[in-house]
Amino acid sequence: MLRSFNSLALRQLRTRPLRSVLTAFGVVLGVGMVFGVLLLVGTIRATFDEVIDSAWGETDLIVMGEGNGTMAEETLDRIKNVEGVRQAAGMVGGMFTRLEADGSPVKGPKGQVLIAGYETRGYQPYDFRLVEGRKIATGREIMVEQNWARDRGYDVGDRVRVAGPTGQTELPIIGIFKLTSSLNVGGLGYAAMPLGAARREFDQPEGWLQISIAALDRGEVEPLRRRVEQVVGSGANVQTPGEVSDQVSEQLAGLNTVLYFFSGVALFVGGFLILNSFNMTVLQRMRELGMLRTLGASRRMATASVLTEALIVGAVGTLLGLALGLGLASGLISLMRGMGVPVGALDVTPSAAITAVVIGIAVTLLAAFWPAHRAGRVSPIRAVVGDAQARGSVSKRRLAVALVLFLPGLWFGGSFWFGSESETGGLAAYGGIAMTMAMFAGMAIAAPFLILPVVRWLAVPIRRVLPTGGRLAADSLLSNPLRTAATAVALTIGLSVVVVNSSMSASFVGTVEDQVDKAFARDVTVQAQGFTIEQGGGPGVPRSVQGAIEAMPETGTVAPLRALSLELPGINKGPAQGIAIGVDPARQPSVDGTEFQGVSQSEAYEASSGAGSSSAAPTPTGPASSAATRSRWWAPRDGSGRRSSASSTRSARSPEWRCAFRSTR
Amino acid sequence: MSAPAIETHDLHMHYGQGRTEVRALDGVDLVIEAGEMVSIMGPSGSGKSTLLHIVGALEAPTSGTIAVAGRHYEGLGDKELTELRRDRIGFVFQFFNLLPSLTAEENVTLPAVIAKRRDPAVRERAMKLLERVGLGERMDHLPAELSGGQQQRVSIARALLLSPELVLADEPTGNLDTKSGREVLRVLRELNKEEGHTIVIVTHDPAAAATADRVIFMRDGKLAGQVEGGSTRRAAEYLASLQTEAEPVAA
């Protein structure tokens, strides 16, 4: 005897194992994507939190030049004199390339070593924990990060052969430190070197990449920050380690939006599969459901029996989905490490698992709700007449609902994904995703109106080619329009997501290629490793390198260039982040063919050098000193199509960011 | 004196409207006493199955009154009708309607599971009924492992589990070979005599109809006479006269 009416659900699933498995597959995919994305996002966030926590043990504030630019030497002394500063220490950074035994560079992130140079006596800005050897003291010696050293087979006493701003060299490893237990930065190495030697090796005799501050009173960090900000001016950012971590998270928000969207689509398609499957189950079980009603089962019991089946399918699918998500996140993390993105060990949190489980089961129940409701409405007479005349037909009201969902979804969802405004804020992202989902829902509801004529049209040639099989197939498809449409639209949505994604990537790549073709009217570009123009360019190319290039007999024009990230004056909606690029107006046109709208290149440079705009742009060195030279800056047009300009001053002693040159031949 | 098992008055069931209107039942007045075993016969489209469905509360009539064991259907909501089916009526269907995932015993006890009656007495009765219909050895078999006749006997045991006052059988032998059909009818007849259930059978088969105490005939949605049970020939002749004559001979 059955234990309860609900235990019937499990039996029913067992009688249709294949369908149960396929239905669960919808849940597995959806939950797998959601859990994988949650794990990935959580792991990336945890990695940065951990690195920042472990690296900046005693540090309360971090000062960095706008766009990772170099800050003037005297900035550190000025900061040390600020009231409430207990200690302050500066850091210089240099990116080196590891060399093979034969002197050839190791390509990609695996070949990169970021070396921080800082004073080894007094206040230590970083909280590296030494695990082997000794700490750096003086001279050309480095200590390296444990995981990197282990993976590359380095030990204390070994020498690392590298190429850096001053040429090729061998650096002895005297210690190994631990940053975090789990970090793997895709091959990129972290190392530390005493300040004096670092300045020589990096060819950075002056200036700081970063300044760390320890407060006298850790409870008074906020007032201290305001005082430091006044001293350094608007050209530098003063942040707490937590804010640095938050900034990283903000940068990842765009990626998260895309990931959440794909997991949302997977859930949507999975939900569709469930809806479709249970709809078919209910249609096929009309007679059985009717019989249960004749035996005295209430409407609620019939509804509950389908929902219980869905719950079992959802629970099993969710469990398998968790396993899939775990695998997916691990795979993506390996992939990201391979691409040089620093990601730590997989961080499996209960909250991510709980969220995925709740979402998985909720989506299953939501998708099964309509079929369950239909099951409750099955009349007992179905016990006798079966499913004759029970098949669904399409109504005009359905078309109206479909259009109400589809059109606004297409408009607002489309403007979110393809519009000129790159809004990735939380609300805009969720709104955009919700509208896209509404568009898909509209597509799904409208599907019978579109798909059935297509099926009829396709049936004609199929019937000719396969007289019996084709006729049977076409009749079967047309006998239950709703089922046919639901099956087809699930495929349509899946495919359209793939197509939209690939066309977006293709058009993005095309635009970039087009811009590169126009902008790079040069033969060679030299720039420091590891810093892109979007990041502001970092420490830049040493002056000595520029001089060496100019001295080469093959060199025609050398056009140095410097970038600065800044807030552009408001055009439509207030200030926007932009990049100002400082160039030599005499040399730049011969290496860069960028087109300006409405004005010539020389006009563009000239227009941007007005005295009025110079005060609008922040400078990394604070108030312009008398020793500073004025560079001319221009910024490529912003999203509104209008050209904006800025002007800035730089320390005359800071190196150029990039040298582009054209050969004489 | 107890109320009749079934009592209908001026029962109408119309489908469609205007020129396409079909009168499946057109003023049926019928009384079946408690403990009777009655067959309903008639040509296709005569309304016999519709009458059975309405008596079984599977469908609501267009108009007219109906009472089962004195309980009138008029004004009852879905919940009350569901309870009425559960507590007072047992159904036997042409296609058996057993759940393929449940064993014979589980199928028989299903009405008790639905009614949330899980006492040992229910199980005992289920086993007794299965033995009574000759399936004591096959309680653990799934429907797919039983012949058509055996499946129908399981469905009879299921219909009788909660001892309903009325058992409605819609073409119970329609899907069986002659031998199995006879066996099923024999079981129904014996249970009617032993347990006193009122049984109404709708059938095309004069031999099946003749098993009953009386045979009621229908034509064009109306009662068209009746004959005593026990004689296949009598039932067959009356049915033939219905199909050939404008007015059937009176019984």
# chains A, B, ... in the order shown; residues from 1 in each chain; ligands from 1
$ residues_around --residues "Ala207 (chain B)" --least-positions-apart "4" --cutoff "9 Å" --atoms "only C-alpha atoms" --output "MDAnalysis selection string"
chainID B and resid 182 211 230:233 235:236
$ residues_around --residues "Ser305 (chain A)" --least-positions-apart "2" --cutoff "9 Å" --atoms "only C-alpha atoms" --output "ChimeraX atom specification"
/A:5-9,300-303,307-310,372,375
$ residues_around --residues "region 75-89 of chain B" --least-positions-apart "3" --cutoff "6 Å" --atoms "only C-alpha atoms" --output "PDB file with N, CA and C atoms, in the first residue's frame"
ATOM      1  N   LEU A 295     -11.823   8.651  -8.306  1.00  0.00           N
ATOM      2  CA  LEU A 295     -11.598   7.938  -7.049  1.00  0.00           C
ATOM      3  C   LEU A 295     -11.685   8.868  -5.845  1.00  0.00           C
ATOM      4  N   GLY A 296     -11.880  10.158  -6.104  1.00  0.00           N
ATOM      5  CA  GLY A 296     -12.068  11.080  -4.988  1.00  0.00           C
ATOM      6  C   GLY A 296     -10.912  12.029  -4.755  1.00  0.00           C
TER       7      GLY A 296
ATOM      8  N   PRO B 164     -18.762   1.095  -1.656  1.00  0.00           N
ATOM      9  CA  PRO B 164     -19.694   2.151  -2.069  1.00  0.00           C
ATOM     10  C   PRO B 164     -21.109   1.604  -2.237  1.00  0.00           C
ATOM     11  N   GLU B 165     -22.086   2.513  -2.149  1.00  0.00           N
ATOM     12  CA  GLU B 165     -23.472   2.070  -2.324  1.00  0.00           C
ATOM     13  C   GLU B 165     -23.737   1.731  -3.790  1.00  0.00           C
ATOM     14  N   LEU B 166     -22.996   2.386  -4.675  1.00  0.00           N
ATOM     15  CA  LEU B 166     -23.279   2.245  -6.096  1.00  0.00           C
ATOM     16  C   LEU B 166     -21.986   1.945  -6.872  1.00  0.00           C
ATOM     17  N   VAL B 167     -22.071   0.948  -7.780  1.00  0.00           N
ATOM     18  CA  VAL B 167     -20.927   0.668  -8.654  1.00  0.00           C
ATOM     19  C   VAL B 167     -21.377   0.905 -10.096  1.00  0.00           C
TER      20      VAL B 167
END
$ select_by_dssp --residues "region 50-251 of chain B" --states "strand (DSSP E or B)" --output "PyMOL selection string"
chain B and resi 63-68+71-72+89-92+166-170+198-202+214-219+222-228
$ interface_residues --of "chain B" --to "chain A" --cutoff "8 Å" --atoms "only C-alpha atoms" --output "PyMOL selection string"
chain B and resi 53+58-59+79+82-87+90-91+93-94+97-102+105-106+109-111+113-116+123
$ atom_distance --atom1 "CA of Leu242 (chain B)" --atom2 "CA of Val38 (chain B)"
18.5 Å
$ residues_around --residues "Leu326 (chain A)" --least-positions-apart "5" --cutoff "8 Å" --atoms "only C-alpha atoms" --output "compact mmCIF listing (two decimals) with N, CA and C atoms, in the first residue's frame"
# COMPACT_ATOMS: atom_id res chain seq x y z
N GLY A 32 23.50 24.64 -12.68
CA GLY A 32 24.95 24.55 -12.90
C GLY A 32 25.52 25.90 -13.28
N PHE A 35 25.20 28.36 -10.21
CA PHE A 35 26.15 28.04 -9.13
C PHE A 35 27.58 28.32 -9.61
N GLY A 36 27.87 27.94 -10.84
CA GLY A 36 29.21 28.17 -11.39
C GLY A 36 29.55 29.65 -11.38
N LEU A 39 30.00 30.96 -7.84
CA LEU A 39 31.29 30.53 -7.31
C LEU A 39 32.43 31.34 -7.92
$ residues_around --residues "Glu132 (chain A)" --least-positions-apart "5" --cutoff "9 Å" --atoms "only C-alpha atoms" --output "PyMOL selection string"
chain A and resi 146+155-156+174-177
$ residues_around --residues "Val92 (chain B)" --least-positions-apart "4" --cutoff "12 Å" --atoms "only C-alpha atoms" --output "number ranges by chain"
A: 291, 294-295, 383-384; B: 52-53, 56, 96-98, 108, 151-160, 166-174, 184-185, 188, 199-202
$ residues_around --residues "Ile136 (chain A)" --least-positions-apart "5" --cutoff "12 Å" --atoms "only C-alpha atoms" --output "CSV table (one decimal) with N, CA and C atoms, in the first residue's frame"
chain,number,residue,atom,x,y,z
A,116,ALA,N,58.3,44.8,-6.8
A,116,ALA,CA,58.0,46.0,-6.0
A,116,ALA,C,59.3,46.4,-5.3
A,117,GLY,N,59.7,47.6,-5.4
A,117,GLY,CA,60.9,48.1,-4.7
A,117,GLY,C,60.5,49.0,-3.6
A,118,TYR,N,61.0,48.8,-2.4
A,118,TYR,CA,60.6,49.6,-1.2
A,118,TYR,C,61.7,49.6,-0.2
A,119,GLU,N,61.7,50.5,0.7
A,119,GLU,CA,62.7,50.7,1.8
A,119,GLU,C,62.6,49.5,2.7
A,120,THR,N,63.8,48.8,2.9
A,120,THR,CA,63.7,47.6,3.8
A,120,THR,C,63.8,47.9,5.3
A,121,ARG,N,64.2,49.1,5.6
A,121,ARG,CA,64.3,49.5,7.0
A,121,ARG,C,63.1,50.3,7.4
A,124,GLN,N,57.4,48.9,7.1
A,124,GLN,CA,57.2,48.0,6.0
A,124,GLN,C,55.8,48.1,5.5
A,128,PHE,N,54.2,40.8,3.9
A,128,PHE,CA,54.6,39.5,3.3
A,128,PHE,C,55.1,38.6,4.4
A,130,LEU,N,57.5,35.7,5.4
A,130,LEU,CA,58.6,34.9,4.9
A,130,LEU,C,58.5,33.5,5.3
A,141,GLU,N,68.9,42.1,-4.9
A,141,GLU,CA,68.4,40.7,-4.5
A,141,GLU,C,66.9,40.8,-4.4
A,142,ILE,N,66.3,39.7,-4.6
A,142,ILE,CA,64.8,39.6,-4.6
A,142,ILE,C,64.3,38.5,-3.7
A,143,MET,N,63.1,38.7,-3.2
A,143,MET,CA,62.4,37.6,-2.6
A,143,MET,C,61.1,37.4,-3.5
A,144,VAL,N,60.7,36.2,-3.7
A,144,VAL,CA,59.6,35.9,-4.6
A,144,VAL,C,58.5,35.2,-3.9
A,156,VAL,N,65.5,29.2,-2.9
A,156,VAL,CA,66.4,30.2,-2.4
A,156,VAL,C,67.8,29.9,-2.9
A,172,PRO,N,69.3,37.4,-8.0
A,172,PRO,CA,69.4,36.3,-7.0
A,172,PRO,C,68.2,36.2,-6.1
A,173,ILE,N,67.6,35.0,-5.9
A,173,ILE,CA,66.5,34.9,-4.9
A,173,ILE,C,67.1,34.6,-3.6
A,174,ILE,N,66.8,35.5,-2.6
A,174,ILE,CA,67.3,35.2,-1.2
A,174,ILE,C,66.2,34.9,-0.2
A,175,GLY,N,65.0,35.0,-0.7
A,175,GLY,CA,63.9,34.6,0.2
A,175,GLY,C,62.6,34.3,-0.5
A,176,ILE,N,61.7,33.5,0.1
A,176,ILE,CA,60.5,33.2,-0.5
A,176,ILE,C,59.4,33.6,0.5
A,177,PHE,N,58.4,34.4,0.0
A,177,PHE,CA,57.3,34.8,0.9
A,177,PHE,C,56.0,34.2,0.5
A,191,ALA,N,57.5,39.8,-6.9
A,191,ALA,CA,58.7,39.8,-6.2
A,191,ALA,C,59.0,41.1,-5.5
A,192,ALA,N,59.9,41.1,-4.6
A,192,ALA,CA,60.3,42.4,-3.9
A,192,ALA,C,61.8,42.6,-3.9
A,193,MET,N,62.2,43.9,-3.9
A,193,MET,CA,63.6,44.2,-4.1
A,193,MET,C,63.9,45.5,-3.2
A,194,PRO,N,65.0,45.6,-2.6
A,194,PRO,CA,65.3,46.8,-1.9
A,194,PRO,C,65.2,48.0,-2.8
A,195,LEU,N,64.8,49.2,-2.2
A,195,LEU,CA,64.5,50.3,-3.0
A,195,LEU,C,65.6,50.9,-3.9
A,196,GLY,N,66.8,51.0,-3.3
A,196,GLY,CA,67.9,51.6,-4.0
A,196,GLY,C,68.2,50.8,-5.3
A,197,ALA,N,68.3,49.5,-5.1
A,197,ALA,CA,68.6,48.6,-6.3
A,197,ALA,C,67.5,48.7,-7.3
A,198,ALA,N,66.2,48.7,-6.8
A,198,ALA,CA,65.1,48.7,-7.6
A,198,ALA,C,65.0,50.0,-8.5
$ select_by_dssp --residues "region 73-104 of chain B" --states "alpha helix (DSSP H)" --output "CSV table (one decimal) with N, CA and C atoms, in the first residue's frame"
chain,number,residue,atom,x,y,z
B,78,ASP,N,-17.8,21.5,-6.3
B,78,ASP,CA,-16.8,20.5,-6.8
B,78,ASP,C,-16.3,19.6,-5.6
B,79,LYS,N,-16.1,20.3,-4.5
B,79,LYS,CA,-15.6,19.5,-3.3
B,79,LYS,C,-16.5,18.4,-2.9
B,80,GLU,N,-17.8,18.8,-2.8
B,80,GLU,CA,-18.8,17.9,-2.3
B,80,GLU,C,-19.0,16.7,-3.3
B,81,LEU,N,-19.0,17.1,-4.6
B,81,LEU,CA,-19.1,16.0,-5.6
B,81,LEU,C,-17.9,15.1,-5.6
B,82,THR,N,-16.7,15.7,-5.3
B,82,THR,CA,-15.5,14.8,-5.2
B,82,THR,C,-15.7,13.8,-4.1
B,83,GLU,N,-16.2,14.4,-2.9
B,83,GLU,CA,-16.4,13.5,-1.8
B,83,GLU,C,-17.5,12.4,-2.0
B,84,LEU,N,-18.5,12.9,-2.8
B,84,LEU,CA,-19.6,11.9,-3.1
B,84,LEU,C,-19.0,10.8,-3.9
B,85,ARG,N,-18.2,11.1,-4.9
B,85,ARG,CA,-17.6,10.0,-5.8
B,85,ARG,C,-16.8,9.1,-4.9
B,86,ARG,N,-16.0,9.8,-4.0
B,86,ARG,CA,-15.1,9.0,-3.2
B,86,ARG,C,-15.8,8.0,-2.2
B,87,ASP,N,-16.9,8.5,-1.6
B,87,ASP,CA,-17.5,7.8,-0.5
B,87,ASP,C,-18.6,6.9,-1.0
B,88,ARG,N,-19.3,7.2,-2.1
B,88,ARG,CA,-20.5,6.5,-2.4
B,88,ARG,C,-20.5,5.7,-3.7
B,104,ALA,N,-0.9,-4.6,-8.2
B,104,ALA,CA,-2.4,-4.8,-8.2
B,104,ALA,C,-2.9,-4.4,-6.8
$ atom_distance --atom1 "CA of Ile115 (chain A)" --atom2 "CA of Val92 (chain A)"
8.4 Å
$ closest_residue --among "A:Val558, A:Val34, A:Val258, A:Val358" --to "Ala315 (chain A)" --atoms "only C-alpha atoms"
A:Val358
$ closest_residue --among "A:Asn480, A:Ile354, A:Glu229, A:Val265" --to "Thr436 (chain A)" --atoms "only C-alpha atoms"
A:Val265
